[in-house]
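In what follows, a structure is listed as structure tokens, so that the remarks can point back to it.
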Amino acid sequence: MTEMNTLADRLPGDFLFGVATAAFQIEGASKADGRKPSIWDAFSNMPGRVYGRHNGDVACDHYNRLDADLDLIASLGVGGYRFSIAWPRIVPEGTGPVNEKGLDFYDRLVDGLKRRNIKAFATLYHWDLPLALMGDGGWTARATAYAYQRYTRTVIDRLGDRLDAVATFNEPWCSVWLSHLMGVHAPGERSMDAALHALHTTLLAHGLGISAIRASRPGLAAGIVFNPMQIYAGSDTEADRAAAERAFDFHNGAFFGPIFNGAYPERFLSALGHRMPAIEPGDMETIRQPLDWWGVNYYTPMHVAADTSETAEFPATVDAPRFVEEETDIGWEIHAPALGDLIRKLNATYALPECYITENGACYNMGVENGVVDDQPRLDYIAAHLSVTADLIAEGYPMRGYFAWSLMDNFEWAEGYRMRFGIVHVDYETQVRTIKKSGLWYSELARLFPKGNHAAGA
Ligand code: IFM
């Protein structure tokens, strides 16, 4: 186990410790104050999509418990809070009227953070697309990128003066591949063609969003949050090494390439380019704009081998055996060194700005016993990944902060409420919050970094 003081000594004094959540996963109040449904409301109400047909109607009831939850965050002694803003609260139909009551909620949230001296890291899109936009094709339709730009402008005009950092998107890999190709997340599409359209629309929306942020608040630190894959070849054969390179292009390059180099990866384009939507003049310039920071969400590595079947579609890979058997309760392999390998590889491939670990944490489902949640494995997981982060800083990588996923147990998408990632336990019957052993440890560590005052993008 990593000893706390040894770990703390290896991190810079201005390292930012934070906790993270997302709107749909915690807010509940799905019909309150003018909010209209998102694609996740529809998806979770369909049988067979989400475990136990759980939905976001109540979640952690955070919408109605805002002040108490802000007090909880403050009580953890962290310097930052990463949250997302629900588009269906702000522009409930996706386009059309702005809902003042929705903006008021985030006004109160941001003001509450300021009063408590906690930095506000807002994410504009964490998967809750207004359902009405599906009428035009959702993310597969170019019009959605322009609707997103208007939504962004609306939010930043109102809140931008008090945000410390903003991310255009959370994990576009999920809202593109997992949602449109693999069918696991809303809208549950399983089509490469749909996914390729969603990819380009999302990237265009990112670029248009950055333009809107710059126009409204030129000084605001703007970035994007990825869940890039650390990909290991299943063997040293040429075929498996080539498979790992294709997987890199597909899972990482398709996002990082356009945003940081202004181009899709060549191998990716030659395999799939003919199925993509038209890339209009100026699109790639819009997508590639300087960013102040980027966020990495890391949980587990990926292992691939070549898929030699005749019907295999790019990237033509199959799963290869893992390095270690140890896994969290959601079945994800635990391998902290992969975080280091990932950051090194991405920085060697792209010119990246400074970086925050915007999510890292572990799923363990232990409950409250005698008032205590003993989640030692989660504590060990977080400590191991912070230790790798300290190594990266020693090597000169600009790692500026770490946000634990998650502040509290919440709606874990297709897994519903059965999978718990919180450092705070939530009893969904009573909404009682109990800080877990990992949360108490994290809090003690965060308090050693009272300066946590690194300004994103500075
Ligand atoms: O809960 C999610 C979060 O919304 C995005 N990143 C991964 C987490 C765990 O699956």
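If you're wondering about the labels, chains in the structure tokens are A, B, ... by order shown, residues count from 1 in each chain, ligands from 1 in order shown.
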
At most 9 Å is the cut-off: for each residue in chain A with any atom that close to an atom of ligand 1, write down the nearest atom pair and the distance in Å rounded to one decimal, counting only C-alpha atoms and all ligand atoms, chain first then increasing number, as JSON lines.
```
{"residue": "A:Ala20", "atom": "CA", "partner": "ligand 1", "partner_atom_place_in_ligand_line": "3 (C)", "distance": 8.9}
{"residue": "A:Thr21", "atom": "CA", "partner": "ligand 1", "partner_atom_place_in_ligand_line": "4 (O)", "distance": 7.3}
{"residue": "A:Ala22", "atom": "CA", "partner": "ligand 1", "partner_atom_place_in_ligand_line": "4 (O)", "distance": 6.2}
{"residue": "A:Phe24", "atom": "CA", "partner": "ligand 1", "partner_atom_place_in_ligand_line": "4 (O)", "distance": 8.7}
{"residue": "A:Gln25", "atom": "CA", "partner": "ligand 1", "partner_atom_place_in_ligand_line": "4 (O)", "distance": 7.2}
{"residue": "A:His126", "atom": "CA", "partner": "ligand 1", "partner_atom_place_in_ligand_line": "4 (O)", "distance": 7.1}
{"residue": "A:Trp127", "atom": "CA", "partner": "ligand 1", "partner_atom_place_in_ligand_line": "4 (O)", "distance": 8.4}
{"residue": "A:Asn170", "atom": "CA", "partner": "ligand 1", "partner_atom_place_in_ligand_line": "5 (C)", "distance": 7.2}
{"residue": "A:Glu171", "atom": "CA", "partner": "ligand 1", "partner_atom_place_in_ligand_line": "5 (C)", "distance": 6.9}
{"residue": "A:Cys174", "atom": "CA", "partner": "ligand 1", "partner_atom_place_in_ligand_line": "5 (C)", "distance": 8.3}
{"residue": "A:Asn227", "atom": "CA", "partner": "ligand 1", "partner_atom_place_in_ligand_line": "6 (N)", "distance": 7.3}
{"residue": "A:Asn297", "atom": "CA", "partner": "ligand 1", "partner_atom_place_in_ligand_line": "6 (N)", "distance": 6.5}
{"residue": "A:Tyr298", "atom": "CA", "partner": "ligand 1", "partner_atom_place_in_ligand_line": "7 (C)", "distance": 8.1}
{"residue": "A:Tyr299", "atom": "CA", "partner": "ligand 1", "partner_atom_place_in_ligand_line": "7 (C)", "distance": 7.7}
{"residue": "A:Ile330", "atom": "CA", "partner": "ligand 1", "partner_atom_place_in_ligand_line": "10 (O)", "distance": 8.8}
{"residue": "A:Glu359", "atom": "CA", "partner": "ligand 1", "partner_atom_place_in_ligand_line": "6 (N)", "distance": 6.7}
{"residue": "A:Asn360", "atom": "CA", "partner": "ligand 1", "partner_atom_place_in_ligand_line": "7 (C)", "distance": 8.1}
{"residue": "A:Gly361", "atom": "CA", "partner": "ligand 1", "partner_atom_place_in_ligand_line": "9 (C)", "distance": 8.0}
{"residue": "A:Ala362", "atom": "CA", "partner": "ligand 1", "partner_atom_place_in_ligand_line": "9 (C)", "distance": 8.0}
{"residue": "A:Cys363", "atom": "CA", "partner": "ligand 1", "partner_atom_place_in_ligand_line": "9 (C)", "distance": 7.9}
{"residue": "A:Trp405", "atom": "CA", "partner": "ligand 1", "partner_atom_place_in_ligand_line": "8 (C)", "distance": 6.9}
{"residue": "A:Ser406", "atom": "CA", "partner": "ligand 1", "partner_atom_place_in_ligand_line": "1 (O)", "distance": 7.7}
{"residue": "A:Asn410", "atom": "CA", "partner": "ligand 1", "partner_atom_place_in_ligand_line": "1 (O)", "distance": 7.8}
{"residue": "A:Phe411", "atom": "CA", "partner": "ligand 1", "partner_atom_place_in_ligand_line": "1 (O)", "distance": 7.4}
{"residue": "A:Glu412", "atom": "CA", "partner": "ligand 1", "partner_atom_place_in_ligand_line": "1 (O)", "distance": 5.1}
{"residue": "A:Trp413", "atom": "CA", "partner": "ligand 1", "partner_atom_place_in_ligand_line": "1 (O)", "distance": 6.7}
{"residue": "A:Glu415", "atom": "CA", "partner": "ligand 1", "partner_atom_place_in_ligand_line": "10 (O)", "distance": 8.9}
{"residue": "A:Met419", "atom": "CA", "partner": "ligand 1", "partner_atom_place_in_ligand_line": "10 (O)", "distance": 8.9}
{"residue": "A:Arg420", "atom": "CA", "partner": "ligand 1", "partner_atom_place_in_ligand_line": "9 (C)", "distance": 8.9}
{"residue": "A:Phe421", "atom": "CA", "partner": "ligand 1", "partner_atom_place_in_ligand_line": "9 (C)", "distance": 7.0}
```

Put those residues in a file: C-alpha atoms, as a PDB file, in the first residue's frame.
```pdb
ATOM      1  CA  ALA A  20     -16.227  14.481 -10.174  1.00  0.00           C
ATOM      2  CA  THR A  21     -19.845  13.736 -11.108  1.00  0.00           C
ATOM      3  CA  ALA A  22     -22.151  14.120 -14.106  1.00  0.00           C
ATOM      4  CA  PHE A  24     -27.680  12.646 -15.391  1.00  0.00           C
ATOM      5  CA  GLN A  25     -25.944  10.351 -12.939  1.00  0.00           C
ATOM      6  CA  HIS A 126     -21.833  14.300 -20.554  1.00  0.00           C
ATOM      7  CA  TRP A 127     -24.170  12.258 -22.791  1.00  0.00           C
ATOM      8  CA  ASN A 170     -16.842  14.089 -21.781  1.00  0.00           C
ATOM      9  CA  GLU A 171     -15.464  10.930 -23.396  1.00  0.00           C
ATOM     10  CA  CYS A 174     -18.436   6.678 -25.460  1.00  0.00           C
ATOM     11  CA  ASN A 227     -11.134   8.314 -22.143  1.00  0.00           C
ATOM     12  CA  ASN A 297     -10.314   9.569 -17.700  1.00  0.00           C
ATOM     13  CA  TYR A 298      -8.464   6.330 -17.067  1.00  0.00           C
ATOM     14  CA  TYR A 299      -9.671   3.077 -15.506  1.00  0.00           C
ATOM     15  CA  ILE A 330     -17.405  -4.188 -12.686  1.00  0.00           C
ATOM     16  CA  GLU A 359     -11.650  10.753 -13.719  1.00  0.00           C
ATOM     17  CA  ASN A 360     -10.050   7.786 -12.044  1.00  0.00           C
ATOM     18  CA  GLY A 361     -11.496   5.444  -9.487  1.00  0.00           C
ATOM     19  CA  ALA A 362     -12.841   1.988  -8.973  1.00  0.00           C
ATOM     20  CA  CYS A 363     -16.108   0.115  -8.759  1.00  0.00           C
ATOM     21  CA  TRP A 405     -14.586   9.374  -9.854  1.00  0.00           C
ATOM     22  CA  SER A 406     -16.853   9.696  -8.201  1.00  0.00           C
ATOM     23  CA  ASN A 410     -24.613   7.142  -8.759  1.00  0.00           C
ATOM     24  CA  PHE A 411     -26.406   5.953 -11.886  1.00  0.00           C
ATOM     25  CA  GLU A 412     -23.750   3.904 -13.651  1.00  0.00           C
ATOM     26  CA  TRP A 413     -25.360   4.101 -17.118  1.00  0.00           C
ATOM     27  CA  GLU A 415     -25.357  -0.881 -15.158  1.00  0.00           C
ATOM     28  CA  MET A 419     -22.290  -0.600  -9.712  1.00  0.00           C
ATOM     29  CA  ARG A 420     -20.825   1.857  -7.215  1.00  0.00           C
ATOM     30  CA  PHE A 421     -17.865   4.164  -7.912  1.00  0.00           C
TER      31      PHE A 421
END
```

* To do: Would you list, as a PyMOL selection string, the residues of segment 77-150 of chain A that end up in strand (DSSP E or B) under DSSP run on this structure's backbone?
  => chain A and resi 80-84+119-123+130

* Using only C-alpha atoms, which of A:Gly367, A:Pro337, A:Gly77, A:Gly160 sits nearest Arg433 of chain A? -> A:Gly367

What's the 7 Å shell around segment 87-103 of chain A, counting only C-alpha atoms, without same-chain residues fewer than 2 positions away, as a short mmCIF file (atom, residue, chain, number, x, y, z; two decimals) with N, CA, C and O atoms, in the first residue's frame?
```cif
data_model
loop_
_atom_site.label_atom_id
_atom_site.label_comp_id
_atom_site.auth_asym_id
_atom_site.auth_seq_id
_atom_site.Cartn_x
_atom_site.Cartn_y
_atom_site.Cartn_z
N ASP A 33 -38.81 21.94 -13.12
CA ASP A 33 -38.42 23.27 -13.58
C ASP A 33 -38.12 23.34 -15.07
O ASP A 33 -37.16 24.01 -15.50
N GLY A 34 -38.94 22.64 -15.84
CA GLY A 34 -38.84 22.80 -17.30
C GLY A 34 -37.89 21.86 -18.00
O GLY A 34 -37.75 21.91 -19.22
N ARG A 35 -37.22 20.96 -17.25
CA ARG A 35 -36.34 20.00 -17.94
C ARG A 35 -37.21 19.08 -18.80
O ARG A 35 -38.27 18.64 -18.38
N LYS A 36 -36.71 18.78 -19.99
CA LYS A 36 -37.39 17.81 -20.87
C LYS A 36 -36.50 16.58 -21.00
O LYS A 36 -35.33 16.61 -20.63
N PRO A 37 -37.02 15.49 -21.56
CA PRO A 37 -36.23 14.25 -21.59
C PRO A 37 -34.98 14.34 -22.46
O PRO A 37 -34.93 15.08 -23.44
N SER A 38 -34.01 13.55 -22.05
CA SER A 38 -32.79 13.36 -22.84
C SER A 38 -32.84 11.96 -23.44
O SER A 38 -33.72 11.16 -23.09
N ILE A 85 -23.18 19.98 -17.01
CA ILE A 85 -24.40 20.78 -17.15
C ILE A 85 -25.34 20.02 -18.08
O ILE A 85 -24.91 19.48 -19.10
N PHE A 105 -30.29 26.95 -11.68
CA PHE A 105 -29.74 25.86 -10.87
C PHE A 105 -28.21 25.88 -10.92
O PHE A 105 -27.53 25.77 -9.88
N TYR A 106 -27.67 26.01 -12.13
CA TYR A 106 -26.19 25.98 -12.23
C TYR A 106 -25.56 27.26 -11.71
O TYR A 106 -24.42 27.25 -11.24
N ASP A 107 -26.31 28.36 -11.78
CA ASP A 107 -25.87 29.60 -11.13
C ASP A 107 -25.65 29.36 -9.64
O ASP A 107 -24.63 29.74 -9.06
N ASP A 128 -26.17 13.54 -22.14
CA ASP A 128 -27.62 13.71 -22.03
C ASP A 128 -28.14 14.64 -23.13
O ASP A 128 -28.60 15.74 -22.87
N LEU A 129 -28.11 14.14 -24.36
CA LEU A 129 -28.62 14.91 -25.50
C LEU A 129 -30.13 15.10 -25.37
O LEU A 129 -30.85 14.13 -25.10
N PRO A 130 -30.62 16.34 -25.56
CA PRO A 130 -32.09 16.51 -25.55
C PRO A 130 -32.75 15.56 -26.54
O PRO A 130 -32.36 15.49 -27.70
N ALA A 132 -35.44 15.59 -28.11
CA ALA A 132 -36.07 16.19 -29.30
C ALA A 132 -35.11 16.20 -30.48
O ALA A 132 -35.54 16.12 -31.64
N LEU A 133 -33.81 16.28 -30.21
CA LEU A 133 -32.84 16.34 -31.31
C LEU A 133 -32.73 15.02 -32.06
O LEU A 133 -32.20 14.98 -33.17
N ALA A 147 -26.66 23.24 -32.95
CA ALA A 147 -27.52 23.35 -31.75
C ALA A 147 -26.63 23.34 -30.51
O ALA A 147 -26.85 24.09 -29.55
N TYR A 151 -26.20 26.19 -27.53
CA TYR A 151 -26.31 25.81 -26.11
C TYR A 151 -25.05 26.25 -25.35
O TYR A 151 -25.13 26.83 -24.25
#
```

* From A:Ala194, A:Val368, A:Ala244, A:Ala263, residue lying nearest Met302 of chain A [only C-alpha atoms] -> A:Ala244

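In this model, the gap between atom CA of Thr140 of chain A and atom CA of Pro277 of chain A comes to 9.0 Å.
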
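One finds atom CA of Trp293 of chain A at 4.9 Å from atom CA of Glu354 of chain A.
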
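You can rank A:Ile334, A:Leu76, A:Ala59, A:Ile231 by their closest distance to Lys436 of chain A using only C-alpha atoms, and at the top of that list sits A:Leu76.
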
* If you count only C-alpha atoms, which residues fall within 10 Å of Arg49 of chain A, apart from same-chain ones fewer than 3 positions away, as an MDAnalysis selection string? -> chainID A and resid 42:46 52:54 183:188 413:416

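In terms of minimum interatomic distance to Ile259 of chain A, A:Ile224 ranks closest within A:Ala195, A:Ala243, A:Ile224, A:Met276, counting only C-alpha atoms.
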
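The spacing separating atom CA of Arg153 of chain A from atom CA of Phe17 of chain A amounts to 28.4 Å.
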
Which residues of segment 218-255 of chain A come within 12 Å of segment 198-202 of chain A, and for each one, what is the closest pair of atoms and their distance in Å to one decimal, counting only C-alpha atoms, sorted by chain and residue number, as a tab-separated table?
```
residue	atom	partner	partner_atom	distance
A:Ile224	CA	A:Thr202	CA	11.7
A:Phe250	CA	A:Leu199	CA	11.0
A:His251	CA	A:Leu199	CA	11.3
A:Asn252	CA	A:Leu199	CA	12.0
A:Gly253	CA	A:Leu199	CA	11.8
A:Ala254	CA	A:Leu199	CA	8.1
A:Phe255	CA	A:Leu199	CA	8.1
```

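Nearest residue to Ala239 of chain A among A:Ala278, A:Ala316, A:Ser75, A:Ser216 is A:Ala316, counting only C-alpha atoms.
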
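Counting only C-alpha atoms and comparing A:Asp193, A:Glu429, A:Glu310, A:Asp292, the residue that lies closest to Tyr356 of chain A is A:Asp292.
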
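Residues surrounding Asp236 of chain A within 10 Å are A:Arg241, A:Ala242, A:Ala305 [only C-alpha atoms; sequence separation below 5 positions excluded].
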
* So which bits of segment 412-441 of chain A end up helix (DSSP H, G or I) when you DSSP the backbone, as a count of residues only? -> 8

Near Tyr397 of chain A, counting only C-alpha atoms, which residues have an atom at most 12 Å away, once you skip same-chain residues fewer than 6 positions from it, shown as a compact mmCIF listing (two decimals) with N, CA and C atoms, in the first residue's frame?
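Contents of around07.txt, freshly written:
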```txt
# COMPACT_ATOMS: atom_id res chain seq x y z
N GLY A 340 0.50 5.44 -16.89
CA GLY A 340 1.78 6.06 -17.28
C GLY A 340 2.09 5.80 -18.74
N LEU A 342 0.08 5.26 -21.12
CA LEU A 342 -0.88 6.01 -21.94
C LEU A 342 -0.46 7.47 -22.09
N ILE A 343 -0.14 8.10 -20.97
CA ILE A 343 0.23 9.53 -21.02
C ILE A 343 1.52 9.71 -21.83
N ARG A 344 2.47 8.80 -21.65
CA ARG A 344 3.73 8.90 -22.41
C ARG A 344 3.46 8.76 -23.90
N LYS A 345 2.67 7.77 -24.26
CA LYS A 345 2.39 7.50 -25.68
C LYS A 345 1.64 8.68 -26.32
N LEU A 346 0.64 9.20 -25.63
CA LEU A 346 -0.15 10.29 -26.21
C LEU A 346 0.69 11.55 -26.37
N ASN A 347 1.54 11.82 -25.37
CA ASN A 347 2.40 13.01 -25.48
C ASN A 347 3.47 12.83 -26.54
N ALA A 348 3.87 11.60 -26.78
CA ALA A 348 4.87 11.36 -27.83
C ALA A 348 4.23 11.51 -29.21
N ALA A 351 1.05 17.05 -29.75
CA ALA A 351 1.49 18.18 -28.92
C ALA A 351 0.32 18.55 -28.00
N LEU A 352 0.38 18.07 -26.78
CA LEU A 352 -0.76 18.24 -25.88
C LEU A 352 -0.53 19.35 -24.86
N PRO A 353 -1.59 20.04 -24.49
CA PRO A 353 -1.46 21.05 -23.43
C PRO A 353 -1.42 20.37 -22.06
N GLU A 354 -1.51 21.16 -21.01
CA GLU A 354 -1.45 20.57 -19.68
C GLU A 354 -2.68 19.69 -19.42
N CYS A 355 -2.50 18.79 -18.47
CA CYS A 355 -3.46 17.69 -18.34
C CYS A 355 -3.97 17.54 -16.90
N TYR A 356 -5.23 17.30 -16.78
CA TYR A 356 -5.84 16.89 -15.51
C TYR A 356 -6.33 15.46 -15.64
N VAL A 388 1.47 6.64 -9.84
CA VAL A 388 1.89 6.72 -11.25
C VAL A 388 1.87 8.18 -11.70
N THR A 389 0.87 8.92 -11.26
CA THR A 389 0.78 10.34 -11.63
C THR A 389 2.02 11.09 -11.12
N ALA A 390 2.43 10.77 -9.91
CA ALA A 390 3.64 11.41 -9.34
C ALA A 390 4.87 11.05 -10.19
N ASP A 391 4.96 9.82 -10.65
CA ASP A 391 6.07 9.43 -11.54
C ASP A 391 6.06 10.29 -12.80
```
